[in-house]
Amino acid sequence: MLFDFENRILILGNSGSGKTWLSGALVNYLDLNMISLDEVCWEPGGYYKRRTDEDVKQDLLGISQRPRWVIEGVYGDLAEILLPRITCLFWLDLDPNFCAESVLKRGFENIPWMDTESKIQAYLSHIRSYQKNSGPMSREFHENVFNSYKGKKIAFKSRDAVNEFIENL
């Protein structure tokens, strides 16, 4: 069985891949608490000041002790901290150009720090470079996290696959 009473689900993927949407669907279906890694990483008020690594790690360790959650994010290094406590891992390994288009469709009106065209273009370039980038937000890092996890896991290659999964819950 993919889901049980102690669900602790981690969703990893590129920006614009649909992590938040999938988390929301799982929250509604399984009555879970939803946590965004962005909320843990950054000081309140936006992406202006990152919290200390130690504070982030301590918060994640505390959160991971709770039952019944879904955590989503792009930070592979933080995902590694959570691996010992999760019961299921989803990786949204979607085409980076599709992800960038999804972000464009979503818009930037509710993202105050995306206040110039150059910031928007740099962000979209970063998303499109998912397969070429290195570091904890890269496809390579996410793939290594996915492959290292030995529990229940699913890699999605398309939005249609994600939609089909949700429809079949």
# chains A, B, ... in the order shown; residues from 1 in each chain; ligands from 1
call {"tool": "select_by_dssp", "arguments": {"residues": "chain A", "states": "strand (DSSP E or B)", "output": "short mmCIF file (atom, residue, chain, number, x, y, z; two decimals) with C-alpha atoms, in the first residue's frame"}}
result
data_model
loop_
_atom_site.label_atom_id
_atom_site.label_comp_id
_atom_site.auth_asym_id
_atom_site.auth_seq_id
_atom_site.Cartn_x
_atom_site.Cartn_y
_atom_site.Cartn_z
CA ARG A 8 5.27 11.47 5.61
CA ILE A 9 5.59 12.35 1.94
CA LEU A 10 8.38 14.33 0.29
CA ILE A 11 7.90 15.90 -3.14
CA LEU A 12 11.02 17.05 -4.97
CA GLY A 13 11.36 18.72 -8.36
CA ASN A 33 -0.28 18.94 6.84
CA MET A 34 1.49 20.75 4.01
CA ILE A 35 4.92 22.30 4.44
CA SER A 36 6.93 24.14 1.82
CA TRP A 42 13.67 31.87 4.38
CA ARG A 50 17.93 32.92 4.17
CA TRP A 69 2.70 15.59 6.42
CA VAL A 70 3.69 16.35 2.88
CA ILE A 71 6.75 18.51 2.34
CA GLU A 72 7.54 19.96 -1.07
CA GLY A 73 10.51 21.82 -2.42
CA CYS A 88 7.14 8.01 0.34
CA LEU A 89 9.13 10.10 -2.16
CA PHE A 90 7.77 11.71 -5.32
CA TRP A 91 10.11 13.25 -7.87
CA LEU A 92 8.56 15.52 -10.51
CA LYS A 152 8.30 3.75 -1.68
CA LYS A 153 8.89 6.22 -4.47
CA ILE A 154 7.56 7.38 -7.82
CA ALA A 155 9.24 9.49 -10.50
CA PHE A 156 6.80 11.41 -12.70
#
call {"tool": "residues_around", "arguments": {"residues": "Val145 of chain A", "least_positions_apart": "3", "cutoff": "12 Å", "atoms": "only C-alpha atoms", "output": "PyMOL selection string"}}
result
chain A and resi 10-13+74-84+89-91+135-142+148-151+153+155
call {"tool": "select_by_dssp", "arguments": {"residues": "chain A", "states": "helix (DSSP H, G or I)", "output": "VMD selection string"}}
result
chain A and resid 19 to 30 37 to 41 53 to 64 76 to 85 96 to 106 117 to 128 139 to 148 159 to 167
call {"tool": "closest_residue", "arguments": {"among": "A:Ser102, A:Asn168, A:Asn7, A:Asn133", "to": "Val27 of chain A", "atoms": "only C-alpha atoms"}}
result
A:Asn7
call {"tool": "atom_distance", "arguments": {"atom1": "atom CA of Thr116 of chain A", "atom2": "atom CA of Ala100 of chain A"}}
result
16.8 Å
